[in-house]
Each structure stands twice: as C-alpha cells, then as structure tokens.
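Q: One file: start-v6.txt (compact mmCIF, C-alpha atoms).
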```txt
# COMPACT_ATOMS: atom_id res chain seq x y z
CA MET A 1 36.21 -9.75 47.79
CA GLN A 2 33.41 -7.16 48.03
CA ILE A 3 29.75 -8.13 48.07
CA SER A 4 29.11 -6.57 44.66
CA GLU A 5 31.94 -8.61 43.15
CA LEU A 6 30.61 -11.80 44.75
CA LEU A 7 27.15 -11.12 43.32
CA GLN A 8 28.54 -10.47 39.85
CA LYS A 9 30.62 -13.67 39.98
CA SER A 10 27.65 -15.72 41.19
CA PHE A 11 25.39 -14.28 38.47
CA TRP A 12 27.93 -15.02 35.75
CA ASN A 13 28.53 -18.58 37.00
CA HIS A 14 24.82 -19.32 36.87
CA PHE A 15 23.72 -17.38 33.77
CA GLY A 16 26.87 -16.59 31.80
CA PRO A 17 26.93 -19.75 29.67
CA ALA A 18 23.25 -19.34 28.73
CA ILE A 19 23.82 -15.70 27.77
CA LEU A 20 26.80 -16.61 25.61
CA ILE A 21 24.90 -19.41 23.89
CA SER A 22 21.83 -17.21 23.26
CA THR A 23 23.98 -14.38 21.93
CA PHE A 24 25.84 -16.76 19.65
CA ILE A 25 22.65 -18.34 18.33
CA LEU A 26 20.94 -14.99 17.69
CA GLY A 27 24.03 -13.47 16.11
CA ASN A 28 24.63 -16.57 14.02
CA ALA A 29 20.98 -16.62 12.88
CA ASN A 30 21.18 -12.97 11.88
CA ALA A 31 24.44 -13.57 10.03
CA GLN A 32 22.94 -16.46 8.05
CA TYR A 33 19.67 -14.68 7.32
CA PRO A 34 17.91 -15.51 5.12
CA ASP A 35 18.37 -19.27 4.87
CA LYS A 36 14.89 -20.08 3.53
CA ALA A 37 12.12 -18.53 1.47
CA LEU A 38 10.33 -15.39 2.70
CA THR A 39 6.59 -14.75 2.57
CA LEU A 40 5.43 -11.34 1.36
CA VAL A 41 1.84 -10.73 2.44
CA ILE A 42 -0.16 -8.48 0.13
CA PRO A 43 -3.38 -7.64 1.99
CA PHE A 44 -5.56 -7.51 -1.12
CA PRO A 45 -6.82 -10.06 -3.67
CA PRO A 46 -4.78 -10.82 -6.81
CA ALA A 47 -4.84 -8.62 -9.94
CA GLY A 48 -5.16 -5.26 -8.16
CA SER A 49 -2.57 -2.50 -8.43
CA THR A 50 -0.91 -3.15 -5.09
CA ASP A 51 -0.73 -6.84 -5.94
CA VAL A 52 0.97 -6.14 -9.29
CA LEU A 53 3.53 -3.81 -7.72
CA GLY A 54 4.15 -6.20 -4.82
CA ARG A 55 4.75 -9.20 -7.07
CA LEU A 56 7.31 -7.30 -9.12
CA LEU A 57 9.05 -6.24 -5.91
CA ALA A 58 9.03 -9.80 -4.55
CA GLN A 59 10.58 -11.13 -7.73
CA THR A 60 13.32 -8.50 -7.72
CA MET A 61 14.11 -8.79 -4.01
CA SER A 62 14.49 -12.56 -4.39
CA SER A 63 17.69 -11.93 -6.34
CA SER A 64 19.31 -9.62 -3.80
CA LEU A 65 18.26 -11.76 -0.82
CA GLY A 66 19.34 -15.01 -2.44
CA GLN A 67 16.05 -16.67 -1.45
CA ASN A 68 12.61 -16.89 -3.01
CA VAL A 69 10.08 -14.29 -1.87
CA ILE A 70 6.66 -15.94 -2.09
CA VAL A 71 3.59 -13.74 -2.40
CA GLU A 72 0.59 -14.51 -0.22
CA ASN A 73 -2.63 -12.63 -0.93
CA THR A 74 -4.63 -12.18 2.27
CA GLY A 75 -7.43 -9.81 1.33
CA GLY A 76 -10.43 -8.44 3.18
CA ALA A 77 -11.54 -5.50 5.32
CA GLY A 78 -9.58 -2.88 3.43
CA GLY A 79 -6.26 -4.61 3.96
CA THR A 80 -6.61 -5.03 7.72
CA ILE A 81 -6.87 -8.83 7.68
CA GLY A 82 -3.55 -9.24 5.88
CA ALA A 83 -1.89 -6.58 8.00
CA GLY A 84 -3.12 -8.34 11.13
CA ARG A 85 -1.68 -11.60 9.84
CA VAL A 86 1.79 -10.01 9.66
CA ALA A 87 1.41 -8.22 12.99
CA ARG A 88 0.91 -11.63 14.64
CA ALA A 89 3.68 -13.38 12.69
CA ASN A 90 6.93 -14.64 14.20
CA PRO A 91 9.37 -11.69 14.14
CA ASP A 92 12.12 -13.69 12.46
CA GLY A 93 12.24 -11.78 9.18
CA TYR A 94 10.50 -14.44 7.13
CA THR A 95 7.10 -12.74 6.95
CA ALA A 96 6.78 -9.22 5.52
CA LEU A 97 3.93 -6.90 4.58
CA PHE A 98 3.62 -4.87 1.38
CA HIS A 99 0.88 -2.34 2.02
CA ASN A 100 -0.38 0.91 0.57
CA MET A 101 -1.75 4.06 2.19
CA ALA A 102 -4.69 2.05 3.58
CA GLN A 103 -2.25 1.20 6.38
CA ALA A 104 -2.62 4.83 7.45
CA SER A 105 -6.35 5.26 6.80
CA ALA A 106 -7.41 2.11 8.67
CA PRO A 107 -7.47 3.71 12.17
CA ALA A 108 -9.93 6.32 10.83
CA LEU A 109 -12.19 3.67 9.30
CA TYR A 110 -12.17 0.86 11.87
CA ALA A 111 -12.96 1.47 15.52
CA LYS A 112 -11.40 -1.79 16.73
CA LEU A 113 -8.34 -2.70 14.71
CA PRO A 114 -6.66 -5.96 15.77
CA TYR A 115 -3.30 -4.17 15.70
CA ASP A 116 -1.76 -0.72 16.02
CA PRO A 117 -0.07 0.42 12.77
CA ASN A 118 2.31 2.63 14.74
CA VAL A 119 3.34 -0.05 17.23
CA ASP A 120 2.97 -3.57 15.85
CA PHE A 121 5.31 -3.32 12.85
CA GLU A 122 8.94 -2.61 12.08
CA PRO A 123 8.88 -0.26 9.07
CA VAL A 124 11.47 -1.10 6.40
CA GLY A 125 11.06 1.71 3.90
CA MET A 126 8.93 3.45 1.31
CA VAL A 127 8.62 1.71 -2.06
CA ALA A 128 6.65 3.76 -4.57
CA ASN A 129 3.98 6.39 -5.08
CA VAL A 130 1.21 5.81 -7.60
CA PRO A 131 -1.24 8.52 -8.70
CA MET A 132 -4.93 7.72 -8.74
CA ILE A 133 -6.83 7.88 -12.01
CA LEU A 134 -10.58 8.13 -12.55
CA VAL A 135 -11.87 5.90 -15.34
CA ALA A 136 -15.29 5.04 -16.75
CA ARG A 137 -16.73 2.18 -18.77
CA LYS A 138 -15.79 2.50 -22.43
CA ASP A 139 -19.30 3.50 -23.56
CA PHE A 140 -19.88 6.06 -20.81
CA PRO A 141 -22.08 8.79 -22.33
CA ALA A 142 -20.10 11.79 -21.05
CA ASN A 143 -16.53 12.95 -21.61
CA GLY A 144 -14.15 14.53 -19.10
CA LEU A 145 -14.77 15.48 -15.49
CA SER A 146 -17.14 18.34 -16.31
CA GLY A 147 -19.20 16.07 -18.52
CA LEU A 148 -19.28 13.40 -15.80
CA LEU A 149 -20.45 15.84 -13.11
CA GLU A 150 -23.04 17.34 -15.44
CA PHE A 151 -24.41 13.89 -16.28
CA ASP A 152 -24.49 12.97 -12.58
CA ALA A 153 -26.37 16.18 -11.71
CA LYS A 154 -29.02 15.43 -14.34
CA ASN A 155 -29.28 11.78 -13.28
CA PRO A 156 -28.93 11.76 -9.47
CA GLY A 157 -28.30 8.32 -8.02
CA LYS A 158 -28.13 6.67 -11.42
CA LEU A 159 -24.34 6.27 -11.62
CA ASN A 160 -22.59 3.38 -9.88
CA PHE A 161 -19.10 4.07 -8.53
CA ALA A 162 -17.19 0.84 -7.88
CA ASN A 163 -14.43 0.39 -5.31
CA ALA A 164 -12.28 -2.49 -4.09
CA GLY A 165 -13.88 -2.49 -0.63
CA ILE A 166 -14.29 -0.15 2.32
CA GLY A 167 -10.90 1.30 3.19
CA ALA A 168 -9.27 0.37 -0.12
CA THR A 169 -7.50 3.16 -1.99
CA SER A 170 -10.22 3.20 -4.65
CA HIS A 171 -12.77 3.79 -1.88
CA LEU A 172 -10.68 6.56 -0.32
CA CYS A 173 -10.36 8.30 -3.67
CA GLU A 174 -14.11 8.07 -4.19
CA VAL A 175 -14.79 9.48 -0.72
CA LEU A 176 -12.48 12.45 -1.22
CA LEU A 177 -13.79 13.13 -4.71
CA LYS A 178 -17.37 13.06 -3.53
CA SER A 179 -16.52 15.42 -0.66
CA VAL A 180 -15.25 18.14 -3.03
CA THR A 181 -18.03 17.86 -5.62
CA SER A 182 -21.82 17.69 -5.57
CA ALA A 183 -21.80 14.11 -6.84
CA ASN A 184 -24.81 11.86 -6.22
CA TRP A 185 -23.50 8.49 -7.44
CA ALA A 186 -24.03 5.23 -5.58
CA SER A 187 -21.00 3.53 -4.00
CA ILE A 188 -20.60 -0.17 -4.88
CA PRO A 189 -17.99 -2.03 -2.79
CA TYR A 190 -16.34 -5.20 -4.10
CA LYS A 191 -13.99 -7.76 -2.62
CA GLY A 192 -10.92 -6.48 -4.42
CA THR A 193 -9.95 -4.48 -7.49
CA GLY A 194 -10.11 -7.48 -9.82
CA PRO A 195 -13.87 -8.14 -9.41
CA ALA A 196 -14.62 -4.40 -9.54
CA LEU A 197 -12.68 -3.99 -12.79
CA ASN A 198 -14.34 -7.03 -14.31
CA ASP A 199 -17.76 -5.47 -13.76
CA LEU A 200 -16.54 -2.10 -15.03
CA LEU A 201 -15.22 -3.73 -18.20
CA GLY A 202 -18.51 -5.58 -18.54
CA GLY A 203 -20.54 -2.39 -18.13
CA GLN A 204 -22.26 -3.42 -14.89
CA VAL A 205 -20.84 -0.34 -13.11
CA ASP A 206 -19.87 3.08 -14.43
CA LEU A 207 -16.76 4.35 -12.65
CA ILE A 208 -13.75 3.54 -10.53
CA CYS A 209 -10.88 5.63 -9.18
CA ASP A 210 -7.84 3.40 -9.00
CA GLN A 211 -4.12 3.17 -9.65
CA PRO A 212 -2.83 3.07 -13.26
CA ALA A 213 -1.16 -0.30 -12.62
CA SER A 214 -4.56 -1.99 -12.89
CA THR A 215 -6.17 0.29 -15.49
CA ILE A 216 -3.48 1.47 -17.90
CA SER A 217 -3.57 -1.57 -20.17
CA HIS A 218 -7.35 -1.25 -20.51
CA ILE A 219 -7.09 2.48 -21.23
CA LYS A 220 -4.53 1.87 -23.97
CA ALA A 221 -6.69 -0.94 -25.39
CA GLY A 222 -9.73 1.35 -25.46
CA THR A 223 -11.77 -0.83 -23.13
CA LEU A 224 -11.90 1.86 -20.41
CA LYS A 225 -12.44 5.62 -20.81
CA PRO A 226 -10.02 7.83 -18.80
CA ILE A 227 -11.47 10.90 -17.07
CA ALA A 228 -8.64 12.53 -15.06
CA VAL A 229 -5.46 11.75 -13.14
CA ALA A 230 -4.87 13.03 -9.59
CA THR A 231 -1.39 14.53 -10.06
CA LYS A 232 0.04 18.02 -10.52
CA GLU A 233 1.24 17.10 -13.99
CA ARG A 234 0.13 14.53 -16.54
CA ILE A 235 1.86 11.18 -16.19
CA LYS A 236 4.32 10.02 -18.86
CA SER A 237 2.61 6.70 -19.48
CA LEU A 238 -0.75 8.42 -20.21
CA PRO A 239 0.10 11.87 -21.60
CA GLN A 240 -3.35 12.27 -23.17
CA VAL A 241 -5.19 12.10 -19.84
CA PRO A 242 -5.75 15.51 -18.18
CA THR A 243 -5.20 16.18 -14.50
CA PHE A 244 -8.01 17.01 -12.11
CA ALA A 245 -6.53 20.51 -11.89
CA GLU A 246 -6.90 20.94 -15.64
CA SER A 247 -10.42 19.57 -15.33
CA GLY A 248 -11.62 22.11 -12.75
CA LEU A 249 -10.48 20.71 -9.38
CA PRO A 250 -7.15 22.48 -8.77
CA LYS A 251 -6.56 21.08 -5.29
CA PHE A 252 -7.51 17.46 -5.94
CA GLU A 253 -4.32 15.39 -5.82
CA LEU A 254 -3.99 11.86 -4.54
CA ALA A 255 -1.05 9.51 -4.86
CA VAL A 256 -1.05 6.08 -3.25
CA TRP A 257 2.14 5.43 -1.34
CA HIS A 258 3.38 1.89 -0.71
CA GLY A 259 5.63 0.68 2.08
CA LEU A 260 7.32 -2.49 3.32
CA TYR A 261 7.02 -3.74 6.92
CA LEU A 262 8.15 -6.57 9.20
CA PRO A 263 6.53 -7.68 12.48
CA LYS A 264 7.31 -5.83 15.69
CA ASN A 265 10.51 -6.96 17.47
CA THR A 266 12.18 -8.25 14.32
CA PRO A 267 15.94 -7.93 15.12
CA LYS A 268 17.48 -4.73 13.77
CA PRO A 269 20.17 -6.54 11.73
CA ILE A 270 17.41 -8.38 9.88
CA VAL A 271 15.40 -5.20 9.33
CA GLU A 272 18.50 -3.55 7.86
CA ARG A 273 19.21 -6.59 5.69
CA VAL A 274 15.71 -6.38 4.22
CA ALA A 275 16.04 -2.61 3.84
CA ASN A 276 19.29 -3.08 1.90
CA SER A 277 17.56 -5.59 -0.35
CA LEU A 278 14.71 -3.15 -0.91
CA ARG A 279 17.11 -0.35 -1.83
CA ALA A 280 18.85 -2.66 -4.30
CA ALA A 281 15.53 -3.75 -5.83
CA LEU A 282 14.42 -0.16 -6.39
CA LYS A 283 17.57 0.44 -8.46
CA ASP A 284 16.99 -2.59 -10.67
CA PRO A 285 16.51 -1.35 -14.28
CA ILE A 286 13.79 -3.87 -15.10
CA LEU A 287 11.74 -3.03 -12.00
CA VAL A 288 12.18 0.71 -12.61
CA GLN A 289 11.01 0.31 -16.19
CA ARG A 290 7.98 -1.80 -15.25
CA TYR A 291 6.97 0.55 -12.45
CA THR A 292 7.30 3.56 -14.76
CA GLU A 293 5.18 1.89 -17.43
CA MET A 294 2.44 1.45 -14.83
CA GLY A 295 2.58 5.09 -13.75
CA ALA A 296 4.37 4.33 -10.47
CA MET A 297 7.08 6.64 -9.16
CA ILE A 298 9.98 4.97 -7.32
CA ALA A 299 10.38 6.30 -3.77
CA PRO A 300 13.28 8.78 -3.40
CA PRO A 301 16.40 7.15 -1.85
CA ASN A 302 16.15 9.16 1.38
CA THR A 303 12.70 7.66 2.06
CA VAL A 304 13.74 4.01 1.64
CA ASN A 305 14.64 3.51 5.29
CA PRO A 306 12.86 2.50 8.51
CA ASP A 307 12.99 5.89 10.26
CA TYR A 308 11.43 7.78 7.38
CA LEU A 309 8.55 5.33 6.91
CA LYS A 310 7.90 5.26 10.66
CA SER A 311 7.51 9.04 10.91
CA PHE A 312 5.62 9.32 7.61
CA LEU A 313 3.12 6.66 8.65
CA ARG A 314 2.42 8.38 11.96
CA ALA A 315 1.78 11.72 10.23
CA ASP A 316 -0.41 10.14 7.54
CA ILE A 317 -2.56 8.38 10.14
CA ASP A 318 -3.28 11.77 11.71
CA LYS A 319 -4.02 13.27 8.27
CA TRP A 320 -6.59 10.60 7.38
CA LYS A 321 -8.34 10.93 10.72
CA VAL A 322 -8.92 14.61 9.96
CA ALA A 323 -9.95 13.88 6.35
CA MET A 324 -12.50 11.25 7.38
CA LYS A 325 -13.91 13.52 10.06
CA ASN A 326 -14.33 16.32 7.53
CA ALA A 327 -16.07 13.88 5.18
CA ASN A 328 -18.43 12.85 8.02
CA ILE A 329 -17.22 9.24 7.94
CA GLN A 330 -17.28 7.54 11.33
CA PRO A 331 -15.18 4.48 12.25
CA GLU A 332 -17.12 1.22 12.03
```
Using the file provided, produce a representation of the structure as structure tokens.

A:
Amino acid sequence: MQISELLQKSFWNHFGPAILISTFILGNANAQYPDKALTLVIPFPPAGSTDVLGRLLAQTMSSSLGQNVIVENTGGAGGTIGAGRVARANPDGYTALFHNMAQASAPALYAKLPYDPNVDFEPVGMVANVPMILVARKDFPANGLSGLLEFDAKNPGKLNFANAGIGATSHLCEVLLKSVTSANWASIPYKGTGPALNDLLGGQVDLICDQPASTISHIKAGTLKPIAVATKERIKSLPQVPTFAESGLPKFELAVWHGLYLPKNTPKPIVERVANSLRAALKDPILVQRYTEMGAMIAPPNTVNPDYLKSFLRADIDKWKVAMKNANIQPE
C-alpha cells in the first residue's frame, strides 16, 4: 500500500466517524428547520413605518414557515444597535433582521460601526420599496412645497423639522431635502418615529419626512397636512398629494427600500428556506393589499433573492457615502 493510501486510511479511521456524525447532525438540523419560533429584529422602536411593515411580514411568514415569527424591537443609533444584535447572533436561522435603507447609509454616518454591513450578514432578499412623503402639522400656515419654502425663507430658523433619529430614513430625507433647497429649519431628532409623530400631531414640531405607512392614516383623517411625495408619479393611496417634481424639485425622488437578513455563516439551505418563505409571503393577497394601502411597493420577484440584495446593498453603501460627502456630513 502506498504512503498516500496509508495516510488517507489513517485519517479516515481517526476522523471519519466524527465527520459522518457532524454531517448527519447538520443535514438533519437543516432538514427539520425551523423547529421553533424565530425572532425578527426590527432595529427601530414600535409604531414607525419599518415596524409596521416588518410586523405584517412576520405574521405572514409565520404561516409559510410553520413557526411563529416573533418581532423584537431593538431601536437606537439609526438602526445600528438592532443590526449589531443580529450580526452577533447565533447563525442558526432563528434570528433575522428586517432593515431599511439605513443599513446602507450607516457606514457614511458612523465612523466606528460594530459590524460591517457587507460582511456580517447573509442577505435573504428585498422586501418592499416605500416612497417618502413630506407632511406638516395640520394647522401649518403654508400650503404646498413652494409655500413651505417661502414661509421658511421669511422665518429663518423658526421651523422645527422632526426626524426619528440620526441615520433614520426621516433624517436622511431631511438631509437630502435641505441640501437641494435654501431651507433654514432646525433639525429635531427623536428616539423613533412614534415619539416624533406624537409631537407633530400635538403641534410641538412643524414637519417630518417619513414613509406613508406611519402617516397615511393621519393624512386621511385630516390630522396631518401633506406637502409632497418623493416619487415620479403620485401614489395610488394618496392621489391628491403632488410629487416633488410637480412642486418644483424635478430630481428629488426618494424611496425607502427594505431587506431581510440573517447572521453571517448561516447555512445556505437555511438561507434558501427563509428566502422561499419570503417569496411566498410577498405573494400573499392580504399582505399585498395591506402594503399597497400603506403606499408600499412589493419588491419585484427577481430582487427577492440573496445575490440581488447583496450586490444592491454594496452599491447603495457607496451611493450614500457620496451623498453624505456632498451634503458635508461627516461620520460621527
């Protein structure tokens, strides 16, 4: 017997049984997945747009997975605390992250992130895109974008523009809007969309730029005044609200994309199982109807896969770095 054959036989005698057992256990675990409830981390406080969309998704995916999907709100630092929680989680498929475009803007806003968005997650797929809408308190003295900018010019520093915290989508919208106008309003950060909206409804602040999921019911009830929506065309759920293009800013468009992630090194069969569940959820008639009512657009089928989200995230991270640099915003 040759030396190479002796070495192979010796290796197999010593390690073969352990390899077989490990392979069987891993394969069997993947085959039985999931056999307990999953945790879906939403990295923002309750009642915000991303939270509403994520809870609907969790409820719908519970059916296709055959296990409960429990929502855990872990807010703070523009979504980075919750994202970090998932990045450090056991990669067994039982902890997932539902995040919006702040996953891509974080590297441009925070100098020392506790994770790398491009490295420390297994992307599952895109979920939905939601246009941003600028709204004011119901008794705001001006109408439309031109009226708002005219009022701001005559009253520099008097207006208060609320956001859900540094790095939140409402903050990003405010930053971009301010960079393309001569606005002089004051930026008021909150710990989440819920508290910001409460103060807007109470008249303590004047404006917020957020997703329709958290504002549409108030607009329809007349408790918030819509200014403009950041899409090419008016959205079906709010046909009376003009676009920014119609209002004098032809290039101002901003839709918040949402994606689903698992921790790095989650086994591929589990990633694909979750991706299949996501694809099934996004075809559910009730979810589609609810998302549409909130102004959300379901992600196209070709984007609901790990490879697409991985490449899209990388490109969007680069885009936001350039945007923040152009807006003279330095990482903290």

Q: Quick one: distance from CA of Thr74 (chain A) to CA of Ile298 (chain A) in Å, one decimal?

A: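 These atoms are spaced 24.5 Å apart.
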
Q: Would you mind reading off the distance between CA of Thr231 (chain A) and CA of Pro131 (chain A), one decimal, in Å?

A: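 CA of Pro131 (chain A) lies at a distance of 6.2 Å from CA of Thr231 (chain A).
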
Q: Taking all atoms of region 145-159 of chain A that the file lists, what box with edges along x, y and z, padded by 8 Å per side, do you get, with centre and edge lengths in Å to one decimal, as AutoDock Vina command-line options?

A:
```
--center_x -22.0 --center_y 12.3 --center_z -13.3 --size_x 30.5 --size_y 28.1 --size_z 26.5
```

Q: Check the smallest atom-to-atom distance from each of A:Pro45, A:Pro114, A:Gly259, A:Gly167 to Gly78 (chain A) using all atoms listed in the file, then report the winner.

A: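 When distances to Gly78 (chain A) are compared using all atoms listed in the file, the smallest one comes from A:Gly167.
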
Q: Please, which residues in region 26-114 of chain A fall within 12 Å of region 155-164 of chain A when counting all atoms listed in the file, and what is the closest atom pair and distance in Å to one decimal for each, ordered by chain then residue number, as a Markdown table?

A:
```
| residue | atom | partner | partner_atom | distance |
| --- | --- | --- | --- | --- |
| A:Pro43 | CA | A:Ala164 | CA | 11.9 |
| A:Phe44 | CA | A:Ala164 | CA | 8.9 |
| A:Pro45 | CA | A:Ala164 | CA | 9.3 |
| A:Pro46 | CA | A:Ala164 | CA | 11.5 |
| A:Ala47 | CA | A:Ala164 | CA | 11.3 |
| A:Gly48 | CA | A:Ala164 | CA | 8.7 |
| A:Ser49 | CA | A:Ala164 | CA | 10.6 |
| A:Thr50 | CA | A:Ala164 | CA | 11.4 |
| A:Gly75 | CA | A:Ala164 | CA | 10.3 |
| A:Gly76 | CA | A:Ala164 | CA | 9.6 |
| A:Ala77 | CA | A:Ala164 | CA | 9.9 |
| A:Gly78 | CA | A:Ala164 | CA | 8.0 |
| A:Gly79 | CA | A:Ala164 | CA | 10.3 |
| A:Ala102 | CA | A:Ala164 | CA | 11.7 |
```
